[in-house]
Structure formats: structure tokens, C-alpha cells
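Trainee: Input: one structure, supplied below.
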Amino acid sequence: MQDTENESSLLTREREIKQFKIDLIKKGKGNASLIPLLQSAQDSYGYIPEQAIHYISKIAGIPASIIYGVITFYSQFRLKPLGKYVIKICQGTACHVNGAKKILHVIQNELGISVDETDSSGLFTLKSVACLGCCSLSPVIMINDTTYGSLTPDKLKKILKEYRKEGAAG
Ligand code: FES
């Protein structure tokens, strides 16, 4: 089962990378092609690797320093891969009032990361959002597609421990 999943995600990845290469050729030269090419690279690799910047620079005729500037300007782009588990911490009003700050501190202490960072194991990436749409459960986080509400520091530590265990098991 696991092998079949890995094979199919590998095939998807290969298809996406091929698409990026096709886009490189089709979208070609000039400033107008830059954003679509960056989006295509990120869709293919999950982030924008240095090598992709090099290709784009060569084909679009735009210096790499300018491309880096564009990537860092737009928050949609990232230069590093996301962790296996993306934690979205809600910092909306209801969550803020009900202890989102404490929850953020637990994540920072437990994983050693701040918002928009990935931990050294590559397992966790932390993102901040304005509202997850379940304010009655505040404070709330999401880990990938699962929502955790009415969080306390202890509850959160247990949740993170489970994910660490699952992540270490592969
Ligand atoms: S404010 Fe946090 S879920 Fe709405």
C-alpha cells in the first residue's frame, strides 16, 4: 500500500517537473514570463530550488539577483521545501483572546521554529493564519487537514509528540 502511494506520488512529481520544463520552453523570454515560471517551478518541486532559478534566469534572460528579489517579495513563493506537517496557527481575534499566544510559544519552544520556518528535522513548518473558521473552538490550530481546537499547552504538547512519533516512523 505504502509502496503504491510512493510510486504514484513519484509519478505525479515527475509529471509536474516535466511540466515545469515545458513551461520554461513555452513561456520563454522576458519579464512577463517570470511569475508564471516561478509558479510552475514551485508547483513542480514544492518550493523554488536554486537550480530552477538558474534555468529561469538563463531562459527568461533575467538576472538571478532580480529573480531572488521577486521570490522574497511575494509571500506565495518559498525557497525551502515545506515540512511533512504544516501547522497553521490561528491568530484571529477569538483565538488571540483565548490564548493563541501561549499556543504559539509552545510550538516555538517544542519545535524551535517561528512562523514561516521549517524545523531542522524537516517535519514541521509553521504558518500563521487570520481565522480557521471554527472560532467557537478557539484557540485552534490545523496540522495538514486536521483541526485541533480548545487547545491547552499540555494538549498541544501531546499532539506534537504523536506527530513526531509518526514522522520518525516514516
Ligand atoms: S479566530 Fe481562530 S478560528 Fe476564528
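As shown in the C-alpha cells, the chain order sets the letters A, B, ...; within each chain, residues go from 1, and ligands are also counted from 1 in the order they appear.
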Residues at most 6 Å from ligand 1, using only C-alpha atoms and all ligand atoms? Could they come as a list in words?

Mentor: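 Within the 6 Å cut-off, the matching residues are Cys90, Gln91, Gly92, Thr93, Ala94, Cys95, Cys131, Leu132, Gly133, Cys134, Cys135, Ser138 and Val140 of chain A.
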
Trainee: Could you please take those selected residues and save N, CA and C atoms as a PDB file, in the first residue's frame?

Mentor:
ATOM      1  N   CYS A  90      -3.900  29.744  14.251  1.00  0.00           N
ATOM      2  CA  CYS A  90      -4.831  30.847  14.043  1.00  0.00           C
ATOM      3  C   CYS A  90      -4.497  31.982  15.004  1.00  0.00           C
ATOM      4  N   GLN A  91      -4.381  33.159  14.437  1.00  0.00           N
ATOM      5  CA  GLN A  91      -4.110  34.333  15.265  1.00  0.00           C
ATOM      6  C   GLN A  91      -5.252  35.344  15.117  1.00  0.00           C
ATOM      7  N   GLY A  92      -6.434  34.829  14.753  1.00  0.00           N
ATOM      8  CA  GLY A  92      -7.617  35.686  14.653  1.00  0.00           C
ATOM      9  C   GLY A  92      -8.053  36.160  16.030  1.00  0.00           C
ATOM     10  N   THR A  93      -9.067  37.033  16.049  1.00  0.00           N
ATOM     11  CA  THR A  93      -9.452  37.680  17.312  1.00  0.00           C
ATOM     12  C   THR A  93      -9.860  36.664  18.386  1.00  0.00           C
ATOM     13  N   ALA A  94     -10.758  35.747  18.050  1.00  0.00           N
ATOM     14  CA  ALA A  94     -11.232  34.786  19.063  1.00  0.00           C
ATOM     15  C   ALA A  94     -10.069  33.963  19.607  1.00  0.00           C
ATOM     16  N   CYS A  95      -9.202  33.506  18.730  1.00  0.00           N
ATOM     17  CA  CYS A  95      -8.064  32.697  19.174  1.00  0.00           C
ATOM     18  C   CYS A  95      -7.081  33.550  19.973  1.00  0.00           C
ATOM     19  N   CYS A 131      -7.901  33.349  10.398  1.00  0.00           N
ATOM     20  CA  CYS A 131      -9.050  32.664  11.027  1.00  0.00           C
ATOM     21  C   CYS A 131      -9.222  31.317  10.335  1.00  0.00           C
ATOM     22  N   LEU A 132      -9.421  30.288  11.131  1.00  0.00           N
ATOM     23  CA  LEU A 132      -9.616  28.959  10.541  1.00  0.00           C
ATOM     24  C   LEU A 132     -11.094  28.601  10.419  1.00  0.00           C
ATOM     25  N   GLY A 133     -11.952  29.544  10.797  1.00  0.00           N
ATOM     26  CA  GLY A 133     -13.388  29.341  10.595  1.00  0.00           C
ATOM     27  C   GLY A 133     -14.056  28.491  11.658  1.00  0.00           C
ATOM     28  N   CYS A 134     -13.390  28.244  12.762  1.00  0.00           N
ATOM     29  CA  CYS A 134     -14.049  27.492  13.846  1.00  0.00           C
ATOM     30  C   CYS A 134     -13.747  28.195  15.167  1.00  0.00           C
ATOM     31  N   CYS A 135     -14.154  29.456  15.216  1.00  0.00           N
ATOM     32  CA  CYS A 135     -13.807  30.339  16.343  1.00  0.00           C
ATOM     33  C   CYS A 135     -14.345  29.818  17.677  1.00  0.00           C
ATOM     34  N   SER A 138     -11.785  28.046  19.715  1.00  0.00           N
ATOM     35  CA  SER A 138     -10.502  28.722  19.913  1.00  0.00           C
ATOM     36  C   SER A 138      -9.897  28.418  21.294  1.00  0.00           C
ATOM     37  N   VAL A 140      -7.219  27.540  18.179  1.00  0.00           N
ATOM     38  CA  VAL A 140      -7.251  26.469  17.182  1.00  0.00           C
ATOM     39  C   VAL A 140      -5.957  26.424  16.366  1.00  0.00           C
TER      40      VAL A 140
END

Trainee: List as a list in words the protein and nucleic acid residues near Gly30 in chain A, meaning an atom at most 12 Å away when only C-alpha atoms are counted, but skip any in the same chain fewer than 5 places from it.

Mentor: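 In the requested form, the answer reads Leu24, Ile35, Pro36, Leu37, Ile56, Ser57, Lys58, Ile59, Ala60, Gly61, Ile62, Pro63 and Ile67 of chain A.
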
Trainee: With C-alpha atoms kept, could you save the residues just selected as a short mmCIF file (atom, residue, chain, number, x, y, z; two decimals), in the first residue's frame?

Mentor:
data_model
loop_
_atom_site.label_atom_id
_atom_site.label_comp_id
_atom_site.auth_asym_id
_atom_site.auth_seq_id
_atom_site.Cartn_x
_atom_site.Cartn_y
_atom_site.Cartn_z
CA LEU A 24 10.31 27.05 -19.36
CA ILE A 35 5.83 34.94 -12.24
CA PRO A 36 4.25 32.06 -14.24
CA LEU A 37 7.64 30.33 -14.37
CA ILE A 56 14.71 30.63 -15.37
CA SER A 57 17.46 33.22 -15.37
CA LYS A 58 19.05 31.68 -18.44
CA ILE A 59 15.90 31.17 -20.47
CA ALA A 60 13.98 34.33 -19.49
CA GLY A 61 17.14 36.46 -19.66
CA ILE A 62 16.59 37.89 -16.17
CA PRO A 63 19.49 38.13 -13.69
CA ILE A 67 14.59 36.69 -9.51
#

Trainee: CA of Asn144 in chain A and CA of His105 in chain A are how many Å apart?

Mentor: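 Going from CA of Asn144 in chain A over to CA of His105 in chain A, I get 19.7 Å.
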
Trainee: Please measure the separation of CA of Lys127 in chain A and CA of Ile113 in chain A, giving the value in Å to one decimal.

Mentor: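 CA of Ile113 in chain A lies 10.3 Å from CA of Lys127 in chain A.
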
Trainee: Which of range 37-138 of chain A counts as strand (DSSP E or B) under DSSP, as a VMD selection string please?

Mentor: chain A and resid 85 to 90 118 124 to 129

Trainee: Generate a file of the selected residues that holds C-alpha atoms, formatted as a PDB file, in the first residue's frame.

Mentor:
ATOM      1  CA  TYR A  85       3.364  18.516   8.632  1.00  0.00           C
ATOM      2  CA  VAL A  86       2.240  22.078   8.046  1.00  0.00           C
ATOM      3  CA  ILE A  87       0.939  23.642  11.250  1.00  0.00           C
ATOM      4  CA  LYS A  88      -1.393  26.585  10.765  1.00  0.00           C
ATOM      5  CA  ILE A  89      -1.803  28.570  13.920  1.00  0.00           C
ATOM      6  CA  CYS A  90      -4.831  30.847  14.043  1.00  0.00           C
ATOM      7  CA  THR A 118      10.613  24.633   8.995  1.00  0.00           C
ATOM      8  CA  PHE A 124       7.190  20.696  10.717  1.00  0.00           C
ATOM      9  CA  THR A 125       6.514  24.023   9.033  1.00  0.00           C
ATOM     10  CA  LEU A 126       4.713  26.744  10.957  1.00  0.00           C
ATOM     11  CA  LYS A 127       2.303  29.145   9.250  1.00  0.00           C
ATOM     12  CA  SER A 128       0.114  31.832  10.726  1.00  0.00           C
ATOM     13  CA  VAL A 129      -3.466  32.423   9.525  1.00  0.00           C
TER      14      VAL A 129
END

Trainee: Write out as a list in words which residues come within 12 Å of Asn109 in chain A when counting only C-alpha atoms, dropping same-chain ones fewer than 2 positions away.

Mentor: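 The residues that qualify are Lys102, Ile103, Leu104, His105, Val106, Ile107, Leu111, Gly112, Ile113, Ser114, Asp119, Pro153, Leu156, Lys157 and Leu160 of chain A.
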
Trainee: Take the residues that were just selected and, keeping C-alpha atoms, output them as an mmCIF file, in the first residue's frame.

Mentor:
data_model
loop_
_atom_site.group_PDB
_atom_site.id
_atom_site.type_symbol
_atom_site.label_atom_id
_atom_site.label_comp_id
_atom_site.auth_asym_id
_atom_site.auth_seq_id
_atom_site.Cartn_x
_atom_site.Cartn_y
_atom_site.Cartn_z
ATOM 1 C CA LYS A 102 0.565 30.699 24.614
ATOM 2 C CA ILE A 103 -0.051 28.118 21.915
ATOM 3 C CA LEU A 104 2.469 29.837 19.650
ATOM 4 C CA HIS A 105 5.062 29.806 22.452
ATOM 5 C CA VAL A 106 4.578 26.071 22.973
ATOM 6 C CA ILE A 107 5.148 25.422 19.266
ATOM 7 C CA LEU A 111 9.958 22.708 17.669
ATOM 8 C CA GLY A 112 12.436 25.578 17.777
ATOM 9 C CA ILE A 113 10.755 27.433 14.905
ATOM 10 C CA SER A 114 8.938 30.685 14.334
ATOM 11 C CA ASP A 119 12.275 22.707 11.811
ATOM 12 C CA PRO A 153 -0.324 23.834 26.258
ATOM 13 C CA LEU A 156 -0.741 20.601 22.243
ATOM 14 C CA LYS A 157 2.467 19.014 23.563
ATOM 15 C CA LEU A 160 3.084 17.304 18.704
#

Trainee: Each residue of range 69-162 of chain A with at least one atom at most 7 Å from range 39-52 of chain A should appear once, together with its nearest atom pair and the corresponding distance in Å (one decimal); atoms considered: only C-alpha atoms; ordering: chain, then increasing residue number; output as CSV.

Mentor:
residue,atom,partner,partner_atom,distance
A:Arg78,CA,A:Tyr47,CA,5.4
A:Leu79,CA,A:Ile48,CA,5.1
A:Lys80,CA,A:Tyr47,CA,5.7
A:Pro81,CA,A:Tyr47,CA,5.2

Trainee: Keeping only C-alpha atoms, write those residues as a CSV table (one decimal), in the first residue's frame.

Mentor:
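Listed below is the output, again.csv:
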chain,number,residue,atom,x,y,z
A,78,ARG,CA,9.3,29.8,-0.9
A,79,LEU,CA,13.0,28.9,-1.2
A,80,LYS,CA,12.8,25.9,1.1
A,81,PRO,CA,10.5,22.8,1.0
